[in-house]
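Written below as structure tokens is the structure these notes are about.
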Amino acid sequence: MKKLLFAFIMLFSLFLFVGCYGTSTDKDIDDTFAIGDELAKNQPTPTDMEYSLERYNLIRRAYWVNGMREKAIALPCPVTKPLGYIILLTESGSVLGRFIVDGKVSSLNSWLTPDYAYRDVADSDNYEELIEMPDVDGTYGTNDDGIFFFTPDGKYLEWTGTYLYSDIPFIVADPILIVEGE
């Protein structure tokens, strides 16, 4: 019986010892945070950006998809927008189309405002609840995973598939979809 009690005490002590000092995974997590902090200190996030093409695209899209296309087209951009080139690919790898991109490609899941926020709960001095925020058009929910962009002639496109984007023009001999002017 004494041997069983001794074994139990030793096993309990071992668990206590491991619990007090953590695991190698905990050390890896701490080390990873330390490395990230050091790299962020050595290469800080730029704070001198004066304009965001991502926000510009989001504002332009909000006007466009809510029936205010003239306002979207006329939206001024104080910086020079780059031209890009995009190839839209099907799941099988076939080229569906190619387009020139005015500015940049943006995610359908980028937002101008936070999608969630904390709000004080009525009749409580120290309790907040996490609530979903509406989008700029007053709606709730999520968008498809995908991208959107504008062409230099003011057309709007969304895509939920695979794509290749660059500032290098691509030559595509026979696209499956050809978009022609109206």
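Letters A, B, ... go to the chains of the structure tokens in the order shown; residues in each chain start at 1; ligands are counted from 1 in the same order.
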Self-check item: Neighbour list for Trp111 in chain A as an MDAnalysis selection string, cut-off 10 Å, only C-alpha atoms, skip fewer than 5 positions in-chain
Solution: chainID A and resid 54:55 58:59 135:136
Self-check item: Contact residues around Leu53 in chain A with only C-alpha atoms at 10 Å, ignoring same-chain residues under 2 positions, as a count of residues only
Solution: 16
Near Phe150 in chain A, counting only C-alpha atoms, which residues have an atom at most 7 Å away, once you skip same-chain residues fewer than 6 positions from it, shown as a short mmCIF file (atom, residue, chain, number, x, y, z; two decimals) with C-alpha atoms, in the first residue's frame?
```
data_model
loop_
_atom_site.label_atom_id
_atom_site.label_comp_id
_atom_site.auth_asym_id
_atom_site.auth_seq_id
_atom_site.Cartn_x
_atom_site.Cartn_y
_atom_site.Cartn_z
CA VAL A 101 -7.80 46.67 -63.58
CA ASP A 102 -8.15 50.35 -62.71
CA TYR A 156 -17.49 46.71 -62.12
CA LEU A 157 -16.66 43.00 -61.83
#
```
Residues near range 112-120 of chain A, cut-off 7 Å, only C-alpha atoms, skip fewer than 3 positions along chain, as an mmCIF file with C-alpha atoms, in the first residue's frame:
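See around38.cif below for the written result:
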```
data_model
loop_
_atom_site.group_PDB
_atom_site.id
_atom_site.type_symbol
_atom_site.label_atom_id
_atom_site.label_comp_id
_atom_site.auth_asym_id
_atom_site.auth_seq_id
_atom_site.Cartn_x
_atom_site.Cartn_y
_atom_site.Cartn_z
ATOM 1 C CA ARG A 55 -10.953 52.231 -48.970
ATOM 2 C CA LEU A 58 -14.902 50.023 -51.000
ATOM 3 C CA TYR A 127 -21.259 44.429 -18.916
ATOM 4 C CA GLU A 128 -20.887 44.713 -22.664
ATOM 5 C CA GLU A 129 -22.212 42.483 -25.399
ATOM 6 C CA LEU A 130 -20.675 41.799 -28.789
ATOM 7 C CA ILE A 131 -23.088 42.840 -31.529
ATOM 8 C CA GLU A 132 -22.982 42.592 -35.301
ATOM 9 C CA MET A 133 -22.734 45.943 -37.044
#
```
Quiz item: Can you list, as an NGL selection string, every residue of range 31-134 of chain A that DSSP puts in helix (DSSP H, G or I)?
Solution: :A and (31-42 or 53-65 or 69-74)
Got a sec: who's within 10 Å of Asp137 in chain A, counting only C-alpha atoms, leaving out chain neighbours fewer than 5 positions off, as a short mmCIF file (atom, residue, chain, number, x, y, z; two decimals) with N, CA and C atoms, in the first residue's frame?
```cif
data_model
loop_
_atom_site.label_atom_id
_atom_site.label_comp_id
_atom_site.auth_asym_id
_atom_site.auth_seq_id
_atom_site.Cartn_x
_atom_site.Cartn_y
_atom_site.Cartn_z
N ALA A 62 -19.62 50.60 -52.77
CA ALA A 62 -20.85 50.87 -52.02
C ALA A 62 -21.81 51.71 -52.86
N TYR A 63 -21.29 52.74 -53.52
CA TYR A 63 -22.14 53.54 -54.40
C TYR A 63 -22.66 52.69 -55.57
N VAL A 65 -23.01 49.33 -56.14
CA VAL A 65 -23.97 48.24 -55.92
C VAL A 65 -25.28 48.72 -55.30
N ASN A 66 -25.35 49.99 -54.90
CA ASN A 66 -26.58 50.54 -54.35
C ASN A 66 -27.24 51.53 -55.30
#
```
Exercise. Identify all residues of chain A in strand (DSSP E or B) (DSSP on the backbone) and supply them as a PyMOL selection string.
Key: chain A and resi 83-89+95-102+106-107+116-120+128-132+147-150+156-159+162-166
Practice problem: In Å, rounded to a single decimal, give me how far CA of Ser107 in chain A is from CA of Pro44 in chain A. | Solution: 24.0 Å
Quiz prompt | Contacts of Pro169 in chain A at 9 Å (only C-alpha atoms; same-chain gap of 2+ positions) as a list in words | solution =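 Selected residues are Gly84, Tyr85, Ile86, Ile100, Ser166, Asp167 and Ile171 of chain A.
Those residues that approach Asn143 in chain A to within 12 Å, counting only C-alpha atoms, are A:Ser107, A:Leu108, A:Asn109, A:Ser110, A:Trp111, A:Asp115, A:Asp135, A:Thr139, A:Tyr140, A:Gly141, A:Asp145, A:Gly146, A:Ile147, A:Phe148, A:Glu158, A:Trp159, A:Thr160; same-chain residues fewer than 2 positions away are not listed.
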